[in-house]
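**Q** This structure is in structure tokens; I'll ask about it shortly.
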Amino acid sequence: MKFGQKSKNTGPKEYQIAPENILEVRDLRVDIKVDDYILNAVRGVTFTMKKGEALGLVGESGCGKSVTSKEILGINPENCSSAGEVLFRTKAGQVLNLLTLEKDGDIYRGLRGTEMAMIFQEPMTAFSPLYTIGNQLAEIIRIHEPKTTKKEARERVLQMLKKVGIANPEKRIDQYPHEFSGGMLQRALIAMMLCCNPDFLVADEPTTALDVTIQAQILELMKELQKEFGMSILFITHDLGIVANMCDNVAVMYLGEIVEYGTVRQIFHNPQHPYTKGLLRSLPKMNQSRAERLYVIDGVVPLPVDMQPCCGFFDRCGHCVKGVCDCQAISERIVEPGHYVRCVLTEQGDK
Amino acid sequence: MAETKKRDNKYYYASQWSLMWRKFRRHKLAMAATWLLLVFYTVAILGNFIAPQGTEQYDGNYVNCGPTKIHWFHEGEFIGPFVYGLEVDRDPETLMRIFVEDESQIYPIRFFVQGDEGGEYKWFGLIPSNLHLFGVDEGGKIFLFGTDSMGRDLFSRVILGAQISMFIPIVGMLLTLVLGLIMGSLAGYIGGWVDTVIQRIIEVVRSFPQVPLWMALSAAIPKTLKPAQVFMMMTLILSLISWPDLARTVRSKFISVKKEDYIMAARISGAPPLKIVTKHMIPSFTSYIIVNMTMSIPGLIMGETTLSFLGLGLRSPATSWGVLLQETNKLETIMFYPWRLIPMIFVFLTVLAFNFMGDGLRDAADPYK
Amino acid sequence: MAKFMLKKLCIMFITVILISIAVFYIITLPPGDFLTRYIGRLTAAGESVDPKMIEYLRDFYALDQPFFVQYWRWISNILFHGDFGYSFSLSMPVTTVIKAYIGPTMALSLVTMLFTYLISIPIGIYSAVHQYSAGDYLFTAVAFFGQAIPNFLLAILLMFLAFKLTGDTMLGLFSPGMQNAPWSWAKLVDLLKHCVIPVIVIGTGNTCGLMRTMRSQMLDELSKNYVTTGKAKGMKMKWIRYKYCVRAAINPIASSIGWSLVGIFTGSTITAIVLNLPSMGKIMHEALIDQDMYLAGSWLFLMAIVTVIGTFISDILLAWLDPRARKEYLKG
């Protein structure tokens with residue numbers, strides 16, 4: 001076993017997480033080096049996931065949700081550096097701090113694909129155009145189970161393709177990605193990532209690049225598969241509708257921080273953070289009159305460069321308290337059990 | 001924090017060009033190259049003034065003379081930059097003519113001097129003058145890069161050669177640009193049989209190995225033409241051969257841009273085709289063209305130098321770097337008079353500088369980095 | 001696939017016809033027809049001119065006829081009789097000259113090409129994988145210098161160095177004493193020794209260019225999304241690089257073999273002139289200086305055809321390597 005810096009100093013460390021949890025992320029920080037400045041993409045994210053839970057990670061583009069999830073899998077590019085703890089329970093029951101593992105090392109690679117997997121936003125670019133779908137699907141089986149023969153792997157791939165609803169898999173398996181439609185490729189990608197039965201799946205905006213009708217089909221498929229395989233899914237999206245439909249819990253991210261966390265019910269019915277409220281208000285409603293314009297949160301997400309302790313949202317917030325929000329780190333407040341928020345207004349009793 | 005916010009906005013709202021400039025400035029080598037080129041071009045433009053001698057001046061007494069040493073101290077005493085007088089002698093072994101310094105004669109270097117007979121020139125082709133940046137008094141000689149087999153000052157010839165070697169590529173590039181843009185946009189915008197015909201032409205020109213084709217075309221230049229006419233013919237030949245590459249790029253860009261929604265919108269709203277092309281389509285890949293053109297200059301410089309070197313381009317007494325190098329073609333020349341290779345350094349530096357500048361521009365223009 | 005090849009062949013045929021017209025146009029470019037120049041040359045040399053012979057030649061090449069009649073005469077002679085015309089500077093048929101020189105020229109070009117690919121592709125991959133490492137900087141610097149130095153200068157420089165270091169300028173393909181010696185081990189070694197400079201000179205520009213292309217292609221591929229997918233699958237980075245990235249990055253390089261051939265011909269022409277190699281480049285140069293256009297034109301024609309064939313091979317290679325291109329070609 002090869003351990004990183006931390007464990008070398010203190011000796012192999014036993015990590016403990018609650019028995020019902022599969023994942024605990026503690027104060028995760030990720031910095032990305034771009035040209036000559038550093039982006040503080042993730043600034044202290046903490047959350048836990050139970051086995052079989054579907055957690056929605058919601059936020060605008062650039063709020064760090066993809067970076068967080070890729071850091072869990074250890075597949076961020078080399079210009080990213082991280083700190084904190086990501087504790088993961090393997091199928092064998094061992095708890096590992098993923099951040100201490102070598103990213104391209106045998107242990108971590110052994111986890112990816114078999115215990116944790118990820119499906120991506122753009123299925124069209126997620127496959128190499130040069131090899132057949134069958135080749136790329138069978139590969140994941142043959143990496144993790146080297147004893148499998150080519151024929152067995154092909155058999156399993158065919159079954160998987162059938163399971164994700166690809167018609168005529170015997171023909172499809174020998175086709176190249178460019179011969180698939182976007183929706184079909186997303187199905188194939190899901191099939192690939194589920195080939196080795198992972199416990200934990202990250203779905204990074206899996207339907208954003210697809211047509212609306214296809215979106216519904218893919219979501220339906222994922223729901224079924226989750227039930228069948230009993231996976232925990234970290235669902236990354238900016239679509240609150242999907243969250244309401246798919247998830248048990250929601251974490252709202254803004255500028256590299258989780259600003260509010262709770263069950264779907266808590267977040268939708270009793271939002272606390274002005275940002276969450278803004279997001280909910282900007283959802284189109286069925287009974288909204290046509291003359292009414294859709295709500296828009298003013299401004300854009302700033303670039304997280306040289307971040308000082310502050311509430312990331314202060315410059316776009318209508319309730320910003322000068323001298324507090326813009327210069328102090330905001331601690332987490334408990335609204336009710338299982339519902340947390342990072343906003344000073346909550347304590348002051350906004351209502 | 002307020003400062004951070006301001007910077008954010010700058011990143012969000014900066015125009016394409018200021019973003020490019022910002023990135024380009026960070027590319028240190030490209031910046032250095034740009035400065036070097038600026039210096040070279042300034043010197044070339046002011047060439048007649050900076051060069052101590054004109055193109056036709058020579059001194060049969062100082063044939064194949066090595067670079068003159070510039071001294072600052074005479075017998076331990078500082079007296080500013082000066083040169084000693086030169087005396088002709090014979091090497092006792094090889095009996096070759098050599099030049100030795102005569103330490104009794106001191107010629108201080110003077111600035112803004114009137115040149116010798118034959119050094120006359122006209123400022124910008126208008127105002128006659130014989131003012132030169134530097135020189136020494138009557139009787140003294142200063143050859144910074146030595147002289148050639150006719151006793152011409154190599155330093156002057158390098159500078160005057162730069163006027164041709166550094167401007168042929170620019171003129172050639174502009175011609176290439178015009179040809180490439182027109183042909184490329186015709187093929188890309190109109191399509192159909194026009195596209196087919198232009199594509200065939202491009203393919204035919206590209207099927208020829210470049211340098212042999214250059215050579216063949218240059219060989220057909222009548223040998224009786226004046227240097228200025230040869231110059232024009234050469235730029236024409238160079239650009240006739242290099243336009244297809246640009247045209248191909250422009251064509252493919254046109255085809256991809258044509259499908260963009262904003263072009264469709266402009267068309268539906270009834271903008272005339274020429275306006276769509278010039279206002280909407282070409283600006284969308286201007287940066288790309290600039291990079292492409294910068295990268296094409298080294299090839300053009302090498303083209304001119306190579307052709308002249310092979311005796312197929314400009315010929316003496318016209319002066320270009322290629323002509324200067326052609327005169328060093330013989331091995332003996334390099335063996336005995338190595339300073340004759342000095343023009344090579346300038347070819348090399350110019351090409352390198354354009355490559356670096358092009359590289360910097362390309363990195364700066366790439367929106368995904 | 002057959003249909004695709006057939007279509008490509010048709011386009012190739014049209015291109016070759018257009019090329020031949022262009023070449024013939026170049027042949028007729030110098031002022032006055034070649035016969036007048038030939039007569040001028042003979043009289044200048046003090047030789048007598050046989051009017052009957054002149055009349056015959058004028059008729060044979062249809063010199064008093066319009067351009068396209070002349071062209072037809074020229075091309076039909078090539079097509080039906082393999083006759084490329086007459087070299088007046090060498091006083092022998094062009095075909096004979098070409099036959100004598102094509103062997104060494106091709107051999108030199110192919111050796112150089114092999115050298116170019118064997119060196120540039122691995123270095124390009126290395127540079128991309130270890131971007132911004134000391135090695136990358138070193139190779140980048142070498143590539144820039146290699147691209148910035150014109151072939152003929154490199155030739156002069158190496159000649160100079162060879163003379164300084166070994167006392168031999170390494171001109172030609174053999175040392176003077178070896179030229180007519182029977183083939184032996186020593187002669188082969190001598191030949192190889194003399195090949196070093198030409199190969200370096202001809203290959204450097206191309207090698208450096210390809211190195212840069214390979215590097216940037218590879219960098220492009222390394223930043224693609226399928227690399228992340230591969231990582232998420234649990235693939236080893238090394239394996240992702242070789243199975244996916246290198247394979248994808250090499251495609252455009254493979255498809256540039258045709259152009260690469262052009263570059264090498266270009267390089268070999270000049271190098272041959274400077275280094276006095278018995279290849280067509282030198283002959284072409286002399287022919288051009290003398291405006292011996294049949295010889296020069298024929299050589300140009302042959303090189304263009306080799307390029308067209310090279311391009312054809314590239315297209316097939318690309319279709320074979322890249323399933324997307326394959327599909328497009330198959331569609332027509």
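Here, A, B, ... name the chains of the structure tokens in the order displayed, residue numbers run from 1 inside each chain, and ligands are numbered from 1 in the same displayed order.
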Please, which residues of segment 65-302 of chain A, numbered as in this document, come out strand (DSSP E or B) from DSSP, as number ranges by chain?

**A** A: 80-89, 95-97, 112, 116-119, 200-204, 232-237, 249-254, 257-263

**Q** Would you save the residues of that selection, restricted to C-alpha atoms, as a compact mmCIF listing (two decimals), in the first residue's frame?

**A**
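Saved file out_25.txt follows:
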```txt
# COMPACT_ATOMS: atom_id res chain seq x y z
CA CYS A 80 -5.20 20.99 -9.55
CA SER A 81 -4.04 20.61 -5.98
CA SER A 82 -6.25 19.59 -3.08
CA ALA A 83 -6.44 19.52 0.71
CA GLY A 84 -8.87 18.08 3.25
CA GLU A 85 -10.19 14.53 3.58
CA VAL A 86 -12.27 12.39 1.29
CA LEU A 87 -13.19 9.20 3.15
CA PHE A 88 -14.64 6.37 1.14
CA ARG A 89 -15.88 2.96 2.26
CA VAL A 95 -12.28 3.14 4.84
CA LEU A 96 -9.73 4.99 2.69
CA ASN A 97 -8.76 8.63 2.60
CA ARG A 112 -12.34 3.66 -10.25
CA MET A 116 -16.87 4.44 -8.05
CA ALA A 117 -17.69 5.63 -11.51
CA MET A 118 -18.73 8.76 -13.31
CA ILE A 119 -20.85 9.67 -16.28
CA PHE A 200 -20.95 5.07 -5.95
CA LEU A 201 -21.73 6.96 -9.14
CA VAL A 202 -21.17 10.58 -10.01
CA ALA A 203 -23.53 11.86 -12.68
CA ASP A 204 -22.11 15.15 -13.95
CA SER A 232 -25.31 6.01 -4.18
CA ILE A 233 -25.51 8.73 -6.80
CA LEU A 234 -24.00 12.17 -6.58
CA PHE A 235 -26.14 14.07 -9.02
CA ILE A 236 -24.54 17.23 -10.33
CA THR A 237 -26.90 19.58 -12.06
CA ASN A 249 -30.93 15.41 -0.35
CA VAL A 250 -29.67 18.63 -1.91
CA ALA A 251 -26.48 20.60 -1.46
CA VAL A 252 -26.52 24.07 -2.99
CA MET A 253 -23.07 25.24 -4.01
CA TYR A 254 -21.96 28.77 -4.66
CA GLU A 257 -18.81 26.46 -0.90
CA ILE A 258 -21.92 24.57 0.08
CA VAL A 259 -24.21 27.40 1.14
CA GLU A 260 -27.21 25.29 2.04
CA TYR A 261 -27.83 21.60 2.63
CA GLY A 262 -31.02 19.72 3.44
CA THR A 263 -33.58 17.22 2.25
```

**Q** Residues of chain C no more than 8 Å from chain A, counting only C-alpha atoms: send them over as a list in words.

**A**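 The selection requested is Lys224, Asn225, Tyr226, Val227, Thr228, Thr229, Lys231, Ala232, Lys233, Gly234, Met235, Lys236, Met237, Tyr244, Ala248, Leu321, Asp322, Pro323 and Arg324 of chain C.
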
**Q** Suppose you want the space between atom CA of Lys275 of chain B and atom CA of Tyr189 of chain B; what is it in Å?

**A**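 Pair atom CA of Lys275 of chain B / atom CA of Tyr189 of chain B returns 12.4 Å.
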
**Q** Calculate how many Å separate atom CA of Arg215 of chain C from atom CA of Ala128 of chain C, rounding to one decimal.

**A**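 Computing the Euclidean distance for atom CA of Arg215 of chain C and atom CA of Ala128 of chain C yields 5.0 Å.
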
**Q** May I ask you to extract the residues of chain C within 7 Å of chain B, using only C-alpha atoms, and to give them as a list in words?

**A**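 Here is what falls inside 7 Å: Thr15, Leu18, Ile19, Ile26, Leu29, Pro30, Phe144, Ala148, Ile149, Pro150, Val262, Gly263, Phe265, Thr266, Leu288, Ile289, Gln291, Leu300, Met303, Ala304, Thr307 and Val308 of chain C.
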
**Q** Can you spit out the residues from that selection as a CSV table (one decimal), in the first residue's frame, using C-alpha atoms?

**A**
```
chain,number,residue,atom,x,y,z
C,15,THR,CA,-5.0,16.9,-61.1
C,18,LEU,CA,-3.7,20.2,-64.9
C,19,ILE,CA,-0.2,19.8,-63.5
C,26,ILE,CA,6.6,26.8,-67.3
C,29,LEU,CA,8.0,30.6,-70.1
C,30,PRO,CA,11.5,31.9,-70.9
C,144,PHE,CA,13.0,26.3,-33.4
C,148,ALA,CA,15.0,28.8,-38.6
C,149,ILE,CA,18.1,27.7,-40.4
C,150,PRO,CA,17.7,27.4,-44.2
C,262,VAL,CA,7.5,17.4,-51.0
C,263,GLY,CA,9.5,18.9,-48.2
C,265,PHE,CA,12.4,16.8,-52.3
C,266,THR,CA,12.6,20.5,-51.7
C,288,LEU,CA,17.5,26.0,-64.8
C,289,ILE,CA,20.6,28.2,-64.8
C,291,GLN,CA,17.2,27.6,-69.1
C,300,LEU,CA,9.4,19.2,-61.9
C,303,MET,CA,8.2,15.4,-58.6
C,304,ALA,CA,4.7,16.7,-58.7
C,307,THR,CA,3.6,14.2,-54.6
C,308,VAL,CA,0.2,13.4,-56.0
```

**Q** Could you give me, as number ranges by chain, the residues within 9 Å of Cys65 of chain B, counting only C-alpha atoms and dropping anything in the same chain fewer than 6 positions from it?

**A** B: 97-99, 143, 146-149, 151, 337

**Q** Could you state the separation of atom CA of Ser66 of chain A and atom CA of Ile267 of chain A in Å, given to one decimal place?

**A**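 Atom-to-atom, atom CA of Ser66 of chain A and atom CA of Ile267 of chain A are spaced 21.1 Å apart.
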
**Q** For chain B, which residue out of A:Val34, A:Leu210, A:Leu219, A:Leu240 is the nearest one, using only C-alpha atoms?

**A** A:Val34

**Q** Just list the residues in segment 114-322 of chain C DSSP gives helix (DSSP H, G or I) on the backbone, as a PyMOL selection string.

**A** chain C and resi 114-129+134-148+151-166+176-178+185-222+225-233+237-254+257-275+280-289+293-321

**Q** I'd like to know which of A:Lys51, A:Arg316, A:Arg342, A:His269 is closest to chain B, using only C-alpha atoms.

**A**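 Comparing A:Lys51, A:Arg316, A:Arg342, A:His269 against chain B, the winner is A:Arg316.
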
**Q** Could you produce a table of the residues of chain A lying within 8 Å of chain B, with the nearest pair of atoms per residue and their separation in Å rounded to one decimal, using only C-alpha atoms, ordered by chain and increasing residue number, as a Markdown table?

**A**
```
| residue | atom | partner | partner_atom | distance |
| --- | --- | --- | --- | --- |
| A:Pro302 | CA | B:Asp8 | CA | 6.2 |
| A:Leu303 | CA | B:Asp8 | CA | 6.0 |
| A:Val305 | CA | B:Thr4 | CA | 7.2 |
| A:Asp306 | CA | B:Thr4 | CA | 7.4 |
| A:Met307 | CA | B:Met1 | CA | 7.9 |
| A:Gln308 | CA | B:Met1 | CA | 7.2 |
```

**Q** Find the residues around segment 251-254 of chain C up to 7 Å (only C-alpha atoms counted), leave out those fewer than 5 positions away in its own chain, and share them as a PyMOL selection string.

**A** chain C and resi 314+317-318+321

**Q** Restricting the output to N, CA and C atoms, write the selected residues as a tab-separated table (two decimals), in the first residue's frame.

**A**
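The resulting again_2.tsv:
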```tsv
chain	number	residue	atom	x	y	z
C	314	SER	N	-1.63	9.06	-48.56
C	314	SER	CA	-2.04	9.69	-47.31
C	314	SER	C	-3.54	9.56	-47.07
C	317	LEU	N	-4.40	6.11	-46.13
C	317	LEU	CA	-3.92	5.86	-44.77
C	317	LEU	C	-4.87	6.45	-43.75
C	318	LEU	N	-5.29	7.69	-44.02
C	318	LEU	CA	-6.15	8.38	-43.08
C	318	LEU	C	-7.48	7.65	-42.96
C	321	LEU	N	-7.00	4.69	-40.89
C	321	LEU	CA	-6.72	4.93	-39.48
C	321	LEU	C	-7.91	5.53	-38.73
```

**Q** Mind checking which residues fall within 12 Å of Arg37 of chain C, counting only C-alpha atoms, ignoring those fewer than 2 positions away in the same chain, and posting them as a PDB file with N, CA and C atoms, in the first residue's frame?

**A**
```
ATOM      1  N   THR C  28       7.614  26.699 -71.446  1.00  0.00           N
ATOM      2  CA  THR C  28       7.608  27.687 -72.520  1.00  0.00           C
ATOM      3  C   THR C  28       7.762  29.125 -72.002  1.00  0.00           C
ATOM      4  N   PRO C  30      10.378  30.983 -70.576  1.00  0.00           N
ATOM      5  CA  PRO C  30      11.481  31.880 -70.933  1.00  0.00           C
ATOM      6  C   PRO C  30      11.249  32.479 -72.316  1.00  0.00           C
ATOM      7  N   PRO C  31      11.661  33.721 -72.487  1.00  0.00           N
ATOM      8  CA  PRO C  31      11.391  34.386 -73.761  1.00  0.00           C
ATOM      9  C   PRO C  31      12.068  33.658 -74.924  1.00  0.00           C
ATOM     10  N   GLY C  32      11.397  33.620 -76.074  1.00  0.00           N
ATOM     11  CA  GLY C  32      11.925  32.922 -77.248  1.00  0.00           C
ATOM     12  C   GLY C  32      11.750  31.426 -77.086  1.00  0.00           C
ATOM     13  N   ASP C  33      11.577  30.658 -78.170  1.00  0.00           N
ATOM     14  CA  ASP C  33      11.436  29.219 -77.975  1.00  0.00           C
ATOM     15  C   ASP C  33      12.821  28.605 -77.786  1.00  0.00           C
ATOM     16  N   PHE C  34      12.814  27.382 -77.288  1.00  0.00           N
ATOM     17  CA  PHE C  34      14.088  26.800 -76.880  1.00  0.00           C
ATOM     18  C   PHE C  34      15.019  26.571 -78.079  1.00  0.00           C
ATOM     19  N   LEU C  35      14.419  26.410 -79.262  1.00  0.00           N
ATOM     20  CA  LEU C  35      15.226  26.126 -80.433  1.00  0.00           C
ATOM     21  C   LEU C  35      16.103  27.331 -80.775  1.00  0.00           C
ATOM     22  N   ILE C  39      20.042  27.291 -81.005  1.00  0.00           N
ATOM     23  CA  ILE C  39      20.836  27.746 -82.141  1.00  0.00           C
ATOM     24  C   ILE C  39      21.853  28.785 -81.671  1.00  0.00           C
ATOM     25  N   GLY C  40      21.345  29.704 -80.811  1.00  0.00           N
ATOM     26  CA  GLY C  40      22.226  30.741 -80.277  1.00  0.00           C
ATOM     27  C   GLY C  40      23.411  30.118 -79.564  1.00  0.00           C
ATOM     28  N   ARG C  41      23.125  29.096 -78.802  1.00  0.00           N
ATOM     29  CA  ARG C  41      24.166  28.435 -78.025  1.00  0.00           C
ATOM     30  C   ARG C  41      25.185  27.758 -78.958  1.00  0.00           C
ATOM     31  N   LEU C  42      24.679  27.087 -80.022  1.00  0.00           N
ATOM     32  CA  LEU C  42      25.568  26.393 -80.946  1.00  0.00           C
ATOM     33  C   LEU C  42      26.453  27.378 -81.691  1.00  0.00           C
ATOM     34  N   THR C  43      25.829  28.464 -82.155  1.00  0.00           N
ATOM     35  CA  THR C  43      26.627  29.435 -82.910  1.00  0.00           C
ATOM     36  C   THR C  43      27.651  30.091 -81.995  1.00  0.00           C
ATOM     37  N   ALA C  44      27.250  30.335 -80.743  1.00  0.00           N
ATOM     38  CA  ALA C  44      28.180  30.945 -79.799  1.00  0.00           C
ATOM     39  C   ALA C  44      29.373  30.034 -79.598  1.00  0.00           C
ATOM     40  N   ILE C  54      17.315  21.681 -87.821  1.00  0.00           N
ATOM     41  CA  ILE C  54      16.497  22.683 -87.148  1.00  0.00           C
ATOM     42  C   ILE C  54      15.043  22.561 -87.610  1.00  0.00           C
ATOM     43  N   PHE C  88      19.296  20.119 -74.027  1.00  0.00           N
ATOM     44  CA  PHE C  88      20.290  20.734 -74.898  1.00  0.00           C
ATOM     45  C   PHE C  88      21.578  21.040 -74.166  1.00  0.00           C
ATOM     46  N   SER C  89      21.500  21.222 -72.869  1.00  0.00           N
ATOM     47  CA  SER C  89      22.736  21.526 -72.156  1.00  0.00           C
ATOM     48  C   SER C  89      23.585  20.265 -71.999  1.00  0.00           C
ATOM     49  N   ASP C 290      20.831  27.260 -67.065  1.00  0.00           N
ATOM     50  CA  ASP C 290      20.987  27.307 -68.520  1.00  0.00           C
ATOM     51  C   ASP C 290      19.665  27.482 -69.241  1.00  0.00           C
ATOM     52  N   GLN C 291      18.578  27.558 -68.513  1.00  0.00           N
ATOM     53  CA  GLN C 291      17.230  27.592 -69.085  1.00  0.00           C
ATOM     54  C   GLN C 291      17.014  26.408 -70.032  1.00  0.00           C
ATOM     55  N   ASP C 292      17.513  25.254 -69.607  1.00  0.00           N
ATOM     56  CA  ASP C 292      17.285  24.021 -70.361  1.00  0.00           C
ATOM     57  C   ASP C 292      15.950  23.468 -69.881  1.00  0.00           C
ATOM     58  N   MET C 293      14.862  24.011 -70.438  1.00  0.00           N
ATOM     59  CA  MET C 293      13.564  23.840 -69.798  1.00  0.00           C
ATOM     60  C   MET C 293      12.978  22.445 -69.927  1.00  0.00           C
TER      61      MET C 293
END
```

**Q** Segment 95-98 of chain C: which residues within 10 Å, counting only C-alpha atoms, same-chain residues fewer than 6 positions away excluded, as an NGL selection string?

**A** :C and (78 or 82-87 or 279-280 or 283 or 295 or 298-299 or 302)

**Q** Excluding Ser127 of chain C and any residue of its chain fewer than 4 positions from it, enumerate the residues within 10 Å of it, using only C-alpha atoms, and give them as number ranges by chain.

**A** C: 121-123, 131-140, 211-212, 214-216, 218-219

**Q** With distances taken over only C-alpha atoms, which residue among B:Trp21, B:Ile50, B:Asp116, B:Phe336 lies nearest Phe160 of chain C?

**A**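 For Phe160 of chain C, the nearest of the given residues is B:Phe336.
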